[in-house]
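Coordinates from start_38.pdb are shown below (PDB, C-alpha atoms and all ligand atoms).
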```
ATOM      1  CA  MET J   1     -43.310 -95.548  55.832  1.00  0.00           C
ATOM      2  CA  THR J   2     -40.334 -96.103  58.124  1.00  0.00           C
ATOM      3  CA  ALA J   3     -40.615 -95.970  61.922  1.00  0.00           C
ATOM      4  CA  LEU J   4     -38.690 -92.696  61.768  1.00  0.00           C
ATOM      5  CA  ASP J   5     -41.250 -91.127  59.382  1.00  0.00           C
ATOM      6  CA  THR J   6     -44.138 -92.334  61.543  1.00  0.00           C
ATOM      7  CA  LEU J   7     -42.452 -90.866  64.592  1.00  0.00           C
ATOM      8  CA  LYS J   8     -41.973 -87.458  62.943  1.00  0.00           C
ATOM      9  CA  GLU J   9     -45.625 -87.389  61.915  1.00  0.00           C
ATOM     10  CA  ARG J  10     -46.911 -88.365  65.374  1.00  0.00           C
ATOM     11  CA  VAL J  11     -44.736 -85.832  67.171  1.00  0.00           C
ATOM     12  CA  ALA J  12     -45.609 -83.034  64.734  1.00  0.00           C
ATOM     13  CA  ALA J  13     -49.275 -83.445  65.750  1.00  0.00           C
ATOM     14  CA  LEU J  14     -48.629 -83.092  69.506  1.00  0.00           C
ATOM     15  CA  PRO J  15     -49.602 -79.861  71.301  1.00  0.00           C
ATOM     16  CA  ARG J  16     -46.786 -77.583  72.426  1.00  0.00           C
ATOM     17  CA  PRO J  17     -44.911 -77.021  74.646  1.00  0.00           C
ATOM     18  CA  LEU J  18     -43.694 -80.598  74.311  1.00  0.00           C
ATOM     19  CA  LEU J  19     -41.592 -82.173  77.045  1.00  0.00           C
ATOM     20  CA  LEU J  20     -38.741 -84.149  75.439  1.00  0.00           C
ATOM     21  CA  GLY J  21     -37.730 -86.718  78.062  1.00  0.00           C
ATOM     22  CA  LEU J  22     -34.628 -88.679  77.098  1.00  0.00           C
ATOM     23  CA  ASP J  23     -32.809 -91.559  78.712  1.00  0.00           C
ATOM     24  CA  VAL J  24     -29.043 -91.253  78.201  1.00  0.00           C
ATOM     25  CA  ASP J  25     -27.092 -94.576  78.037  1.00  0.00           C
ATOM     26  CA  GLY J  26     -28.157 -96.623  75.016  1.00  0.00           C
ATOM     27  CA  THR J  27     -30.581 -93.881  73.958  1.00  0.00           C
ATOM     28  CA  LEU J  28     -28.519 -90.714  73.379  1.00  0.00           C
ATOM     29  CA  ALA J  29     -25.081 -92.225  74.126  1.00  0.00           C
ATOM     30  CA  PRO J  30     -24.103 -95.396  72.239  1.00  0.00           C
ATOM     31  CA  ILE J  31     -23.307 -98.311  74.584  1.00  0.00           C
ATOM     32  CA  VAL J  32     -19.571 -98.961  75.000  1.00  0.00           C
ATOM     33  CA  ASP J  33     -17.800-101.695  76.984  1.00  0.00           C
ATOM     34  CA  ASP J  34     -16.496 -99.301  79.621  1.00  0.00           C
ATOM     35  CA  PRO J  35     -19.367 -97.256  81.155  1.00  0.00           C
ATOM     36  CA  ASP J  36     -16.891 -94.525  82.182  1.00  0.00           C
ATOM     37  CA  ARG J  37     -16.177 -93.838  78.500  1.00  0.00           C
ATOM     38  CA  ALA J  38     -19.808 -93.533  77.358  1.00  0.00           C
ATOM     39  CA  ARG J  39     -20.640 -90.074  76.056  1.00  0.00           C
ATOM     40  CA  VAL J  40     -23.416 -88.296  74.147  1.00  0.00           C
ATOM     41  CA  PRO J  41     -21.942 -87.540  70.676  1.00  0.00           C
ATOM     42  CA  ASP J  42     -21.038 -83.867  70.103  1.00  0.00           C
ATOM     43  CA  ALA J  43     -23.518 -83.506  67.240  1.00  0.00           C
ATOM     44  CA  THR J  44     -26.352 -84.764  69.472  1.00  0.00           C
ATOM     45  CA  GLN J  45     -25.302 -82.431  72.295  1.00  0.00           C
ATOM     46  CA  THR J  46     -25.465 -79.493  69.875  1.00  0.00           C
ATOM     47  CA  VAL J  47     -28.994 -80.490  68.819  1.00  0.00           C
ATOM     48  CA  LEU J  48     -30.092 -80.857  72.459  1.00  0.00           C
ATOM     49  CA  ARG J  49     -28.759 -77.398  73.340  1.00  0.00           C
ATOM     50  CA  GLU J  50     -30.707 -75.910  70.432  1.00  0.00           C
ATOM     51  CA  LEU J  51     -33.892 -77.745  71.388  1.00  0.00           C
ATOM     52  CA  ALA J  52     -33.539 -76.607  74.999  1.00  0.00           C
ATOM     53  CA  ARG J  53     -33.601 -72.981  73.760  1.00  0.00           C
ATOM     54  CA  HIS J  54     -36.550 -73.557  71.404  1.00  0.00           C
ATOM     55  CA  ALA J  55     -39.924 -72.129  72.552  1.00  0.00           C
ATOM     56  CA  ASP J  56     -41.786 -75.342  71.578  1.00  0.00           C
ATOM     57  CA  TYR J  57     -39.698 -77.753  73.637  1.00  0.00           C
ATOM     58  CA  ARG J  58     -38.518 -78.508  77.174  1.00  0.00           C
ATOM     59  CA  VAL J  59     -35.606 -80.957  77.335  1.00  0.00           C
ATOM     60  CA  ALA J  60     -35.122 -83.372  80.251  1.00  0.00           C
ATOM     61  CA  LEU J  61     -32.306 -85.931  80.561  1.00  0.00           C
ATOM     62  CA  ILE J  62     -33.626 -88.812  82.676  1.00  0.00           C
ATOM     63  CA  THR J  63     -30.928 -91.296  83.635  1.00  0.00           C
ATOM     64  CA  GLY J  64     -29.738 -93.928  86.081  1.00  0.00           C
ATOM     65  CA  ARG J  65     -26.442 -92.053  86.325  1.00  0.00           C
ATOM     66  CA  ASP J  66     -25.661 -89.648  89.132  1.00  0.00           C
ATOM     67  CA  LEU J  67     -25.257 -85.920  88.482  1.00  0.00           C
ATOM     68  CA  PRO J  68     -21.422 -85.821  88.130  1.00  0.00           C
ATOM     69  CA  ALA J  69     -21.489 -88.717  85.639  1.00  0.00           C
ATOM     70  CA  LEU J  70     -24.257 -87.085  83.604  1.00  0.00           C
ATOM     71  CA  GLU J  71     -22.294 -83.813  83.507  1.00  0.00           C
ATOM     72  CA  ARG J  72     -19.320 -85.750  82.079  1.00  0.00           C
ATOM     73  CA  MET J  73     -21.480 -87.322  79.378  1.00  0.00           C
ATOM     74  CA  ALA J  74     -23.380 -84.262  78.120  1.00  0.00           C
ATOM     75  CA  GLN J  75     -23.434 -80.503  78.630  1.00  0.00           C
ATOM     76  CA  VAL J  76     -26.909 -79.151  77.921  1.00  0.00           C
ATOM     77  CA  PRO J  77     -27.285 -75.952  79.975  1.00  0.00           C
ATOM     78  CA  GLY J  78     -31.008 -75.481  79.299  1.00  0.00           C
ATOM     79  CA  ALA J  79     -32.028 -79.039  80.204  1.00  0.00           C
ATOM     80  CA  TRP J  80     -33.749 -80.448  83.266  1.00  0.00           C
ATOM     81  CA  ARG J  81     -31.923 -83.434  84.713  1.00  0.00           C
ATOM     82  CA  ALA J  82     -33.566 -86.342  86.537  1.00  0.00           C
ATOM     83  CA  VAL J  83     -30.686 -88.479  87.824  1.00  0.00           C
ATOM     84  CA  GLU J  84     -30.423 -91.751  89.797  1.00  0.00           C
ATOM     85  CA  HIS J  85     -33.353 -93.272  87.865  1.00  0.00           C
ATOM     86  CA  GLY J  86     -35.430 -90.153  88.393  1.00  0.00           C
ATOM     87  CA  GLY J  87     -34.943 -90.134  92.170  1.00  0.00           C
ATOM     88  CA  TRP J  88     -33.514 -86.601  92.072  1.00  0.00           C
ATOM     89  CA  ILE J  89     -34.727 -83.809  89.755  1.00  0.00           C
ATOM     90  CA  VAL J  90     -32.382 -80.877  89.096  1.00  0.00           C
ATOM     91  CA  ALA J  91     -33.695 -77.763  87.304  1.00  0.00           C
ATOM     92  CA  PRO J  92     -31.805 -76.060  84.447  1.00  0.00           C
ATOM     93  CA  GLY J  93     -28.970 -73.910  85.771  1.00  0.00           C
ATOM     94  CA  ASP J  94     -29.181 -75.501  89.231  1.00  0.00           C
ATOM     95  CA  GLU J  95     -25.869 -77.076  90.231  1.00  0.00           C
ATOM     96  CA  GLY J  96     -27.481 -79.607  92.573  1.00  0.00           C
ATOM     97  CA  ALA J  97     -26.605 -79.319  96.261  1.00  0.00           C
ATOM     98  CA  GLU J  98     -24.533 -82.030  97.950  1.00  0.00           C
ATOM     99  CA  ARG J  99     -26.726 -84.572  99.698  1.00  0.00           C
ATOM    100  CA  PRO J 100     -24.851 -86.093 102.614  1.00  0.00           C
ATOM    101  CA  LEU J 101     -25.075 -89.850 103.151  1.00  0.00           C
ATOM    102  CA  ASP J 102     -25.834 -91.085 106.611  1.00  0.00           C
ATOM    103  CA  PRO J 103     -23.194 -93.427 108.054  1.00  0.00           C
ATOM    104  CA  ALA J 104     -25.371 -96.560 107.973  1.00  0.00           C
ATOM    105  CA  ASP J 105     -26.189 -96.002 104.301  1.00  0.00           C
ATOM    106  CA  ARG J 106     -22.548 -95.334 103.466  1.00  0.00           C
ATOM    107  CA  GLU J 107     -21.598 -98.585 105.179  1.00  0.00           C
ATOM    108  CA  LYS J 108     -24.069-100.615 103.109  1.00  0.00           C
ATOM    109  CA  LEU J 109     -22.776 -99.138  99.853  1.00  0.00           C
ATOM    110  CA  GLU J 110     -19.144 -99.654 100.905  1.00  0.00           C
ATOM    111  CA  ALA J 111     -19.860-103.272 101.813  1.00  0.00           C
ATOM    112  CA  PHE J 112     -21.462-103.952  98.439  1.00  0.00           C
ATOM    113  CA  ALA J 113     -18.662-102.170  96.555  1.00  0.00           C
ATOM    114  CA  ALA J 114     -16.007-104.182  98.415  1.00  0.00           C
ATOM    115  CA  TRP J 115     -17.826-107.443  97.592  1.00  0.00           C
ATOM    116  CA  ALA J 116     -18.180-106.405  93.930  1.00  0.00           C
ATOM    117  CA  ALA J 117     -14.531-105.354  93.580  1.00  0.00           C
ATOM    118  CA  ASP J 118     -13.469-108.787  94.777  1.00  0.00           C
ATOM    119  CA  GLY J 119     -14.743-110.610  91.665  1.00  0.00           C
ATOM    120  CA  PRO J 120     -15.219-110.224  87.903  1.00  0.00           C
ATOM    121  CA  GLY J 121     -16.997-107.228  86.382  1.00  0.00           C
ATOM    122  CA  GLN J 122     -16.560-103.472  86.607  1.00  0.00           C
ATOM    123  CA  VAL J 123     -17.653-101.485  89.644  1.00  0.00           C
ATOM    124  CA  GLU J 124     -19.284 -98.067  89.150  1.00  0.00           C
ATOM    125  CA  ARG J 125     -19.554 -95.876  92.249  1.00  0.00           C
ATOM    126  CA  LYS J 126     -22.410 -93.384  92.309  1.00  0.00           C
ATOM    127  CA  ALA J 127     -23.609 -90.959  94.942  1.00  0.00           C
ATOM    128  CA  ARG J 128     -26.347 -93.221  96.326  1.00  0.00           C
ATOM    129  CA  SER J 129     -25.798 -96.554  94.602  1.00  0.00           C
ATOM    130  CA  VAL J 130     -23.134 -98.920  93.264  1.00  0.00           C
ATOM    131  CA  GLY J 131     -23.324-100.530  89.822  1.00  0.00           C
ATOM    132  CA  LEU J 132     -21.695-103.810  88.802  1.00  0.00           C
ATOM    133  CA  HIS J 133     -21.245-104.063  85.015  1.00  0.00           C
ATOM    134  CA  VAL J 134     -20.682-107.432  83.350  1.00  0.00           C
ATOM    135  CA  ARG J 135     -20.688-106.526  79.640  1.00  0.00           C
ATOM    136  CA  LYS J 136     -17.074-107.701  79.267  1.00  0.00           C
ATOM    137  CA  LEU J 137     -17.818-111.158  80.732  1.00  0.00           C
ATOM    138  CA  ASP J 138     -19.209-113.989  78.635  1.00  0.00           C
ATOM    139  CA  ALA J 139     -22.986-114.358  78.864  1.00  0.00           C
ATOM    140  CA  GLY J 140     -23.197-117.288  81.289  1.00  0.00           C
ATOM    141  CA  GLU J 141     -20.602-115.875  83.627  1.00  0.00           C
ATOM    142  CA  GLY J 142     -22.243-112.443  83.488  1.00  0.00           C
ATOM    143  CA  GLU J 143     -25.658-113.812  84.372  1.00  0.00           C
ATOM    144  CA  ALA J 144     -24.296-115.808  87.324  1.00  0.00           C
ATOM    145  CA  ARG J 145     -22.416-112.775  88.553  1.00  0.00           C
ATOM    146  CA  LEU J 146     -25.543-110.569  88.364  1.00  0.00           C
ATOM    147  CA  ALA J 147     -27.580-113.166  90.259  1.00  0.00           C
ATOM    148  CA  ALA J 148     -24.942-113.323  93.013  1.00  0.00           C
ATOM    149  CA  ALA J 149     -24.807-109.519  93.142  1.00  0.00           C
ATOM    150  CA  GLU J 150     -28.578-109.287  93.461  1.00  0.00           C
ATOM    151  CA  GLU J 151     -28.524-111.665  96.388  1.00  0.00           C
ATOM    152  CA  ARG J 152     -25.653-109.794  98.035  1.00  0.00           C
ATOM    153  CA  ALA J 153     -27.339-106.390  97.602  1.00  0.00           C
ATOM    154  CA  GLU J 154     -30.577-107.604  99.131  1.00  0.00           C
ATOM    155  CA  ALA J 155     -28.770-109.261 102.042  1.00  0.00           C
ATOM    156  CA  LEU J 156     -27.193-105.860 102.783  1.00  0.00           C
ATOM    157  CA  GLY J 157     -30.588-104.128 102.772  1.00  0.00           C
ATOM    158  CA  LEU J 158     -30.052-102.432  99.411  1.00  0.00           C
ATOM    159  CA  ILE J 159     -32.491-102.401  96.499  1.00  0.00           C
ATOM    160  CA  ALA J 160     -31.263-104.481  93.543  1.00  0.00           C
ATOM    161  CA  ARG J 161     -32.077-103.151  90.084  1.00  0.00           C
ATOM    162  CA  ARG J 162     -31.221-105.099  86.918  1.00  0.00           C
ATOM    163  CA  GLY J 163     -30.415-103.288  83.685  1.00  0.00           C
ATOM    164  CA  ARG J 164     -28.590-104.092  80.445  1.00  0.00           C
ATOM    165  CA  ALA J 165     -25.533-106.098  81.633  1.00  0.00           C
ATOM    166  CA  VAL J 166     -25.593-104.318  84.986  1.00  0.00           C
ATOM    167  CA  LEU J 167     -26.904-104.724  88.502  1.00  0.00           C
ATOM    168  CA  GLU J 168     -27.312-101.620  90.612  1.00  0.00           C
ATOM    169  CA  ALA J 169     -27.450-101.763  94.405  1.00  0.00           C
ATOM    170  CA  GLU J 170     -29.378 -98.691  95.521  1.00  0.00           C
ATOM    171  CA  LEU J 171     -30.413 -96.966  98.722  1.00  0.00           C
ATOM    172  CA  GLU J 172     -33.708 -95.799  97.215  1.00  0.00           C
ATOM    173  CA  SER J 173     -35.642 -96.894  94.205  1.00  0.00           C
ATOM    174  CA  GLY J 174     -36.125 -94.050  91.718  1.00  0.00           C
ATOM    175  CA  ASP J 175     -38.849 -94.371  89.070  1.00  0.00           C
ATOM    176  CA  LYS J 176     -38.496 -92.676  85.701  1.00  0.00           C
ATOM    177  CA  GLY J 177     -42.265 -92.703  85.133  1.00  0.00           C
ATOM    178  CA  ARG J 178     -42.858 -90.757  88.343  1.00  0.00           C
ATOM    179  CA  ALA J 179     -40.005 -88.391  87.434  1.00  0.00           C
ATOM    180  CA  LEU J 180     -41.546 -87.727  84.026  1.00  0.00           C
ATOM    181  CA  ALA J 181     -44.943 -86.999  85.628  1.00  0.00           C
ATOM    182  CA  GLU J 182     -43.342 -84.578  88.093  1.00  0.00           C
ATOM    183  CA  LEU J 183     -41.426 -82.870  85.281  1.00  0.00           C
ATOM    184  CA  GLN J 184     -44.572 -82.440  83.187  1.00  0.00           C
ATOM    185  CA  GLU J 185     -46.332 -80.891  86.169  1.00  0.00           C
ATOM    186  CA  ARG J 186     -43.456 -78.540  87.080  1.00  0.00           C
ATOM    187  CA  ILE J 187     -42.832 -77.496  83.478  1.00  0.00           C
ATOM    188  CA  GLY J 188     -46.486 -77.256  82.452  1.00  0.00           C
ATOM    189  CA  ALA J 189     -45.891 -79.218  79.236  1.00  0.00           C
ATOM    190  CA  ALA J 190     -48.979 -79.818  77.051  1.00  0.00           C
ATOM    191  CA  SER J 191     -47.680 -83.186  75.806  1.00  0.00           C
ATOM    192  CA  VAL J 192     -44.853 -85.623  76.488  1.00  0.00           C
ATOM    193  CA  PHE J 193     -42.260 -87.512  74.455  1.00  0.00           C
ATOM    194  CA  PHE J 194     -39.913 -90.058  76.015  1.00  0.00           C
ATOM    195  CA  ALA J 195     -37.303 -92.434  74.579  1.00  0.00           C
ATOM    196  CA  GLY J 196     -35.442 -95.174  76.459  1.00  0.00           C
ATOM    197  CA  ASP J 197     -33.758 -98.524  75.846  1.00  0.00           C
ATOM    198  CA  ASP J 198     -34.038-100.529  79.057  1.00  0.00           C
ATOM    199  CA  LEU J 199     -36.450-102.129  81.520  1.00  0.00           C
ATOM    200  CA  THR J 200     -36.148 -99.186  83.909  1.00  0.00           C
ATOM    201  CA  ASP J 201     -37.459 -96.929  81.120  1.00  0.00           C
ATOM    202  CA  LEU J 202     -40.761 -98.779  80.716  1.00  0.00           C
ATOM    203  CA  PRO J 203     -42.808 -96.714  83.214  1.00  0.00           C
ATOM    204  CA  ALA J 204     -41.682 -93.517  81.462  1.00  0.00           C
ATOM    205  CA  ILE J 205     -42.288 -94.969  77.975  1.00  0.00           C
ATOM    206  CA  ARG J 206     -45.847 -95.894  78.994  1.00  0.00           C
ATOM    207  CA  TYR J 207     -46.472 -92.539  80.682  1.00  0.00           C
ATOM    208  CA  ALA J 208     -45.365 -90.716  77.529  1.00  0.00           C
ATOM    209  CA  ALA J 209     -47.297 -93.032  75.176  1.00  0.00           C
ATOM    210  CA  GLU J 210     -50.508 -92.077  77.003  1.00  0.00           C
ATOM    211  CA  ARG J 211     -49.766 -88.355  76.821  1.00  0.00           C
ATOM    212  CA  GLY J 212     -47.890 -88.116  73.536  1.00  0.00           C
ATOM    213  CA  VAL J 213     -45.274 -90.526  72.211  1.00  0.00           C
ATOM    214  CA  GLY J 214     -43.222 -93.197  74.040  1.00  0.00           C
ATOM    215  CA  VAL J 215     -40.334 -94.681  72.060  1.00  0.00           C
ATOM    216  CA  PHE J 216     -38.326 -97.825  72.745  1.00  0.00           C
ATOM    217  CA  ILE J 217     -34.741 -97.860  71.469  1.00  0.00           C
ATOM    218  CA  ALA J 218     -34.040-101.439  70.400  1.00  0.00           C
ATOM    219  CA  SER J 219     -30.613-103.112  70.677  1.00  0.00           C
ATOM    220  CA  ASP J 220     -29.048-106.547  70.228  1.00  0.00           C
ATOM    221  CA  GLU J 221     -29.309-106.935  74.012  1.00  0.00           C
ATOM    222  CA  ARG J 222     -32.996-105.959  74.046  1.00  0.00           C
ATOM    223  CA  PRO J 223     -34.364-106.438  70.503  1.00  0.00           C
ATOM    224  CA  GLU J 224     -38.062-106.604  71.415  1.00  0.00           C
ATOM    225  CA  GLY J 225     -40.081-103.451  71.946  1.00  0.00           C
ATOM    226  CA  PRO J 226     -42.236-103.627  75.088  1.00  0.00           C
ATOM    227  CA  GLU J 227     -46.005-103.494  75.173  1.00  0.00           C
ATOM    228  CA  GLY J 228     -47.243 -99.959  75.656  1.00  0.00           C
ATOM    229  CA  ALA J 229     -44.591 -98.195  73.572  1.00  0.00           C
ATOM    230  CA  THR J 230     -45.851 -96.071  70.670  1.00  0.00           C
ATOM    231  CA  LEU J 231     -43.079 -97.464  68.442  1.00  0.00           C
ATOM    232  CA  ALA J 232     -39.484 -98.713  68.402  1.00  0.00           C
ATOM    233  CA  LEU J 233     -36.401 -97.216  66.746  1.00  0.00           C
ATOM    234  CA  ASP J 234     -33.264 -99.122  65.787  1.00  0.00           C
ATOM    235  CA  GLY J 235     -30.672 -97.350  67.914  1.00  0.00           C
ATOM    236  CA  PRO J 236     -29.251 -94.019  69.115  1.00  0.00           C
ATOM    237  CA  GLU J 237     -28.440 -92.920  65.537  1.00  0.00           C
ATOM    238  CA  ASP J 238     -32.116 -93.015  64.490  1.00  0.00           C
ATOM    239  CA  LEU J 239     -33.121 -91.085  67.598  1.00  0.00           C
ATOM    240  CA  ALA J 240     -30.403 -88.487  66.961  1.00  0.00           C
ATOM    241  CA  SER J 241     -31.656 -87.999  63.421  1.00  0.00           C
ATOM    242  CA  PHE J 242     -35.224 -87.569  64.710  1.00  0.00           C
ATOM    243  CA  LEU J 243     -34.105 -84.966  67.283  1.00  0.00           C
ATOM    244  CA  ALA J 244     -32.180 -83.064  64.608  1.00  0.00           C
ATOM    245  CA  SER J 245     -35.355 -82.946  62.497  1.00  0.00           C
ATOM    246  CA  LEU J 246     -37.223 -81.090  65.274  1.00  0.00           C
ATOM    247  CA  ARG J 247     -35.113 -77.943  65.019  1.00  0.00           C
TER     248      ARG J 247
HETATM  249 MG    MG R 301     -30.516 -96.536  78.911  1.00  0.00          MG
END
```
Take the structure in the file and write it out as structure tokens.
Amino acid sequence: MTALDTLKERVAALPRPLLLGLDVDGTLAPIVDDPDRARVPDATQTVLRELARHADYRVALITGRDLPALERMAQVPGAWRAVEHGGWIVAPGDEGAERPLDPADREKLEAFAAWAADGPGQVERKARSVGLHVRKLDAGEGEARLAAAEERAEALGLIARRGRAVLEAELESGDKGRALAELQERIGAASVFFAGDDLTDLPAIRYAAERGVGVFIASDERPEGPEGATLALDGPEDLASFLASLR
């Protein structure tokens, strides 16, 4: 039996309504060199829209991206969105009010962004954090750059979060596991599914594994499934085919 077959069987046995929590980059959207060009494939978006209308499911996109970036990557009107690593939960249909930055926080982010722009790697500005991506650098150079960025972020009083070929300097530390718990409570879901591909997904994968199914999406960058996951799939294509099978 393939991992995909096992997954279908496990999920079929879960009580409904089932919360389908989904990371976005590397999980729904294939990883590309330029993070600005990453997008959830049209076919997957169509499936997600259908699932969001289905009585058995509640769809939640749970991502490190901010709300404008997520809106560029996928349009799923019926979905909950937990952005900035789950730090901000936006209900379906809610446009998400502007959250003003205080001047001291803005200054910290500006200082980090200016430092990051002055060296190799690609800078990603978000509402309450700045990402530095090093996927286009060679491995040794990328690692050194991330270590320097981590040190710089912490010196500025920001929280440094490492992900796949990225360091994010954040004002607050969101937690996808806590976001998933809050979503389950608000939605009243009887069971939980979550899929994610990175270290920041582990709390949510474990939360879901204890209340349903927690899936790790493996990649060349992170081939090993973590402890606590129900199972691992080989990439976004396998997950997309699983989601399509739920309709
Ligand atoms: Mg991801």
Which protein, DNA or RNA residues have an atom within 10 Å of ligand MG 301 (chain R), counting only C-alpha atoms and all ligand atoms, as a PDB file with C-alpha atoms, keeping the file's coordinate frame?
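part_4.pdb, written as the output of this step:
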```pdb
ATOM      1  CA  LEU J  22     -34.628 -88.679  77.098  1.00  0.00           C
ATOM      2  CA  ASP J  23     -32.809 -91.559  78.712  1.00  0.00           C
ATOM      3  CA  VAL J  24     -29.043 -91.253  78.201  1.00  0.00           C
ATOM      4  CA  ASP J  25     -27.092 -94.576  78.037  1.00  0.00           C
ATOM      5  CA  GLY J  26     -28.157 -96.623  75.016  1.00  0.00           C
ATOM      6  CA  THR J  27     -30.581 -93.881  73.958  1.00  0.00           C
ATOM      7  CA  LEU J  28     -28.519 -90.714  73.379  1.00  0.00           C
ATOM      8  CA  ALA J  29     -25.081 -92.225  74.126  1.00  0.00           C
ATOM      9  CA  PRO J  30     -24.103 -95.396  72.239  1.00  0.00           C
ATOM     10  CA  ILE J  31     -23.307 -98.311  74.584  1.00  0.00           C
ATOM     11  CA  ILE J  62     -33.626 -88.812  82.676  1.00  0.00           C
ATOM     12  CA  THR J  63     -30.928 -91.296  83.635  1.00  0.00           C
ATOM     13  CA  GLY J  64     -29.738 -93.928  86.081  1.00  0.00           C
ATOM     14  CA  ARG J  65     -26.442 -92.053  86.325  1.00  0.00           C
ATOM     15  CA  HIS J  85     -33.353 -93.272  87.865  1.00  0.00           C
ATOM     16  CA  GLY J 163     -30.415-103.288  83.685  1.00  0.00           C
ATOM     17  CA  ARG J 164     -28.590-104.092  80.445  1.00  0.00           C
ATOM     18  CA  ALA J 195     -37.303 -92.434  74.579  1.00  0.00           C
ATOM     19  CA  GLY J 196     -35.442 -95.174  76.459  1.00  0.00           C
ATOM     20  CA  ASP J 197     -33.758 -98.524  75.846  1.00  0.00           C
ATOM     21  CA  ASP J 198     -34.038-100.529  79.057  1.00  0.00           C
ATOM     22  CA  LEU J 199     -36.450-102.129  81.520  1.00  0.00           C
ATOM     23  CA  THR J 200     -36.148 -99.186  83.909  1.00  0.00           C
ATOM     24  CA  ASP J 201     -37.459 -96.929  81.120  1.00  0.00           C
ATOM     25  CA  ILE J 217     -34.741 -97.860  71.469  1.00  0.00           C
TER      26      ILE J 217
END
```
Could you state the separation of CA of Glu168 (chain J) and CA of Ser129 (chain J) in Å, given to one decimal place? 6.6 Å
Which protein, DNA or RNA residues are at most 10 Å from (-33.1, -86.4, 90.8) in the file's coordinates when you count all atoms listed in the file, listed as a PyMOL selection string? chain J and resi 62-67+80-91+96+174-176+179
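Between Asp234 (chain J) and the candidates J:Glu143, J:Glu107, J:Glu182, J:Asp220, the tightest atom-to-atom separation, counting all atoms listed in the file, involves J:Asp220.
If you measure from each of J:Arg49, J:Arg206, J:Arg152, J:Arg135 to Glu221 (chain J) using all atoms listed in the file, the closest one turns out to be J:Arg135.
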